[in-house]
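Okay, structure first, notes after.
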Amino acid sequence: MTEQLQRAKELYTRFLGHFLDMHKAGLLKEYKRFEIPREQEIEWLNEMALAYAEQLSIRDWDAITALDALSRNYQDSWIVEKVSSFASRNMMSADSLVRLIYAEKLVGIIGSHKQVISKELLFGACKVAVQILENVISQPMVIDPGHELKELSLKDKRALNSRAEQSLEQVKVLIN
């Protein structure tokens, strides 16, 4: 890989392909000078998505947050499949905050991919999100060490439930 292509990839991946963020950082002009074809950008987006999908964990929400951000630029049904599958298998053993964040991000990912996924996948992923959100609402609040309500601008269980209910409303909009 040439030095110029390496620099272009570094910029593109640092900002997850978001040109507005590159612009805000004053680096968009530099990136545009490299004249990277869209096919190359798609390849980089796919590489990033695959890497973040492999990093999904109930210990934190960095990978799911990155996948949500990537989904605004890159839509592929496998991302929805991977995230909803991971969430359905692992979220019930996570703390309340991780479950809320995963469900919120899953709803965001579904929304970004709505035009490229099948109805079956849409309904299946929404079902997973609803199950997690309803669990957040119905179960006592459990927070693992290292996670704090303040991180999410939450004060108590009521605020947690309110955020979960907002996401449930977004799911209703997605399936209608």
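Residue numbering restarts at 1 for every chain of the structure tokens, chains are lettered A, B, ... in their displayed order, and ligands are numbered from 1 as they appear.
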* Write out as a ChimeraX atom specification the residues lying within 8 Å of Ile175 in chain A, counting only C-alpha atoms and excluding same-chain residues fewer than 3 positions away. => /A:122-123,126,171-172
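Every protein, DNA or RNA residue with an atom at most 8 Å from range 154-161 of chain A, where only C-alpha atoms count and chain neighbours fewer than 2 positions away do not, is listed here: A:Leu100, A:Val136, A:Ile137, A:Met141, A:Leu149, A:Lys150, A:Glu151, A:Leu152, A:Arg163, A:Ala164, A:Glu165.
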Put those residues in a file: N, CA, C and O atoms, as a PDB file, in the first residue's frame.
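The resulting file, selection-v7.pdb, is reproduced below:
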```
ATOM      1  N   LEU A 100     -29.513  -1.495  27.715  1.00  0.00           N
ATOM      2  CA  LEU A 100     -30.156  -0.307  27.151  1.00  0.00           C
ATOM      3  C   LEU A 100     -29.379   0.207  25.950  1.00  0.00           C
ATOM      4  O   LEU A 100     -29.956   0.467  24.890  1.00  0.00           O
ATOM      5  N   VAL A 136     -35.240  -4.524  30.243  1.00  0.00           N
ATOM      6  CA  VAL A 136     -34.673  -3.381  30.965  1.00  0.00           C
ATOM      7  C   VAL A 136     -35.749  -2.741  31.845  1.00  0.00           C
ATOM      8  O   VAL A 136     -35.511  -2.410  33.013  1.00  0.00           O
ATOM      9  N   ILE A 137     -36.940  -2.598  31.291  1.00  0.00           N
ATOM     10  CA  ILE A 137     -38.034  -1.949  32.017  1.00  0.00           C
ATOM     11  C   ILE A 137     -38.541  -2.825  33.163  1.00  0.00           C
ATOM     12  O   ILE A 137     -38.768  -2.334  34.269  1.00  0.00           O
ATOM     13  N   MET A 141     -32.838  -2.663  38.289  1.00  0.00           N
ATOM     14  CA  MET A 141     -31.644  -2.083  37.690  1.00  0.00           C
ATOM     15  C   MET A 141     -30.403  -2.715  38.314  1.00  0.00           C
ATOM     16  O   MET A 141     -30.259  -2.746  39.535  1.00  0.00           O
ATOM     17  N   LEU A 149     -24.562   5.493  35.837  1.00  0.00           N
ATOM     18  CA  LEU A 149     -25.713   6.172  35.241  1.00  0.00           C
ATOM     19  C   LEU A 149     -25.305   7.512  34.641  1.00  0.00           C
ATOM     20  O   LEU A 149     -25.825   7.912  33.600  1.00  0.00           O
ATOM     21  N   LYS A 150     -24.385   8.206  35.299  1.00  0.00           N
ATOM     22  CA  LYS A 150     -23.957   9.525  34.833  1.00  0.00           C
ATOM     23  C   LYS A 150     -23.390   9.476  33.416  1.00  0.00           C
ATOM     24  O   LYS A 150     -23.519  10.438  32.669  1.00  0.00           O
ATOM     25  N   GLU A 151     -22.761   8.349  33.054  1.00  0.00           N
ATOM     26  CA  GLU A 151     -22.189   8.195  31.714  1.00  0.00           C
ATOM     27  C   GLU A 151     -23.252   8.404  30.640  1.00  0.00           C
ATOM     28  O   GLU A 151     -22.941   8.838  29.534  1.00  0.00           O
ATOM     29  N   LEU A 152     -24.477   8.036  30.960  1.00  0.00           N
ATOM     30  CA  LEU A 152     -25.575   8.122  29.996  1.00  0.00           C
ATOM     31  C   LEU A 152     -26.538   9.246  30.324  1.00  0.00           C
ATOM     32  O   LEU A 152     -27.643   9.288  29.799  1.00  0.00           O
ATOM     33  N   ARG A 163     -35.880   6.063  28.789  1.00  0.00           N
ATOM     34  CA  ARG A 163     -35.073   5.890  27.574  1.00  0.00           C
ATOM     35  C   ARG A 163     -35.468   4.613  26.854  1.00  0.00           C
ATOM     36  O   ARG A 163     -35.554   4.583  25.621  1.00  0.00           O
ATOM     37  N   ALA A 164     -35.719   3.556  27.614  1.00  0.00           N
ATOM     38  CA  ALA A 164     -36.127   2.289  27.006  1.00  0.00           C
ATOM     39  C   ALA A 164     -37.476   2.452  26.306  1.00  0.00           C
ATOM     40  O   ALA A 164     -37.673   1.944  25.193  1.00  0.00           O
ATOM     41  N   GLU A 165     -38.388   3.163  26.921  1.00  0.00           N
ATOM     42  CA  GLU A 165     -39.704   3.390  26.316  1.00  0.00           C
ATOM     43  C   GLU A 165     -39.599   4.219  25.040  1.00  0.00           C
ATOM     44  O   GLU A 165     -40.329   3.976  24.066  1.00  0.00           O
TER      45      GLU A 165
END
```
* What is the distance, in Å and to one decimal place, between CA of Ser77 in chain A and CA of Phe15 in chain A? -> 22.0 Å
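Of the listed residues (A:Asn176, A:Ser118, A:Gln55, A:Thr65), A:Thr65 comes nearest to Ile101 in chain A; the distances count only C-alpha atoms.
Distance check against Ile143 in chain A using only C-alpha atoms: of A:Glu39, A:Glu3, A:Asp95, A:Asp76, the minimum falls on A:Asp95.
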* Restricting the calculation to only C-alpha atoms, which member of A:Arg72, A:Lys119, A:Lys105, A:Arg99 is positioned closest to Gln139 in chain A? -> A:Arg99
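Among the candidate residues A:Val83, A:Ile117, A:Leu97, A:Met92, the one lying nearest to Asn135 in chain A is A:Met92, with distances computed using only C-alpha atoms.
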* Between A:Asn46, A:Val107, A:Ser153, A:Ser96, which is the closest to Thr13 in chain A once you count only C-alpha atoms? -> A:Asn46
* Name the residues of range 9-139 of chain A that come out as alpha helix (DSSP H) in a backbone DSSP run; write them as a ChimeraX atom specification. => /A:9-14,19-24,28-33,38-54,62-70,77-90,96-113,119-138
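Distance annotation: of A:Val142, A:Ala87, A:Leu11, A:Leu27, the residue with the minimal separation from Lys127 in chain A is A:Ala87; atom set is only C-alpha atoms.
Across the model, the gap from CA of Leu5 in chain A to CA of Ala25 in chain A is 19.5 Å.
The environment of range 166-170 of chain A within 8 Å, counting only C-alpha atoms and disregarding residues fewer than 4 places along the same chain, consists of A:Ala103, A:Glu104, A:Val107, A:Val130, A:Leu133, A:Ser162, A:Leu174.
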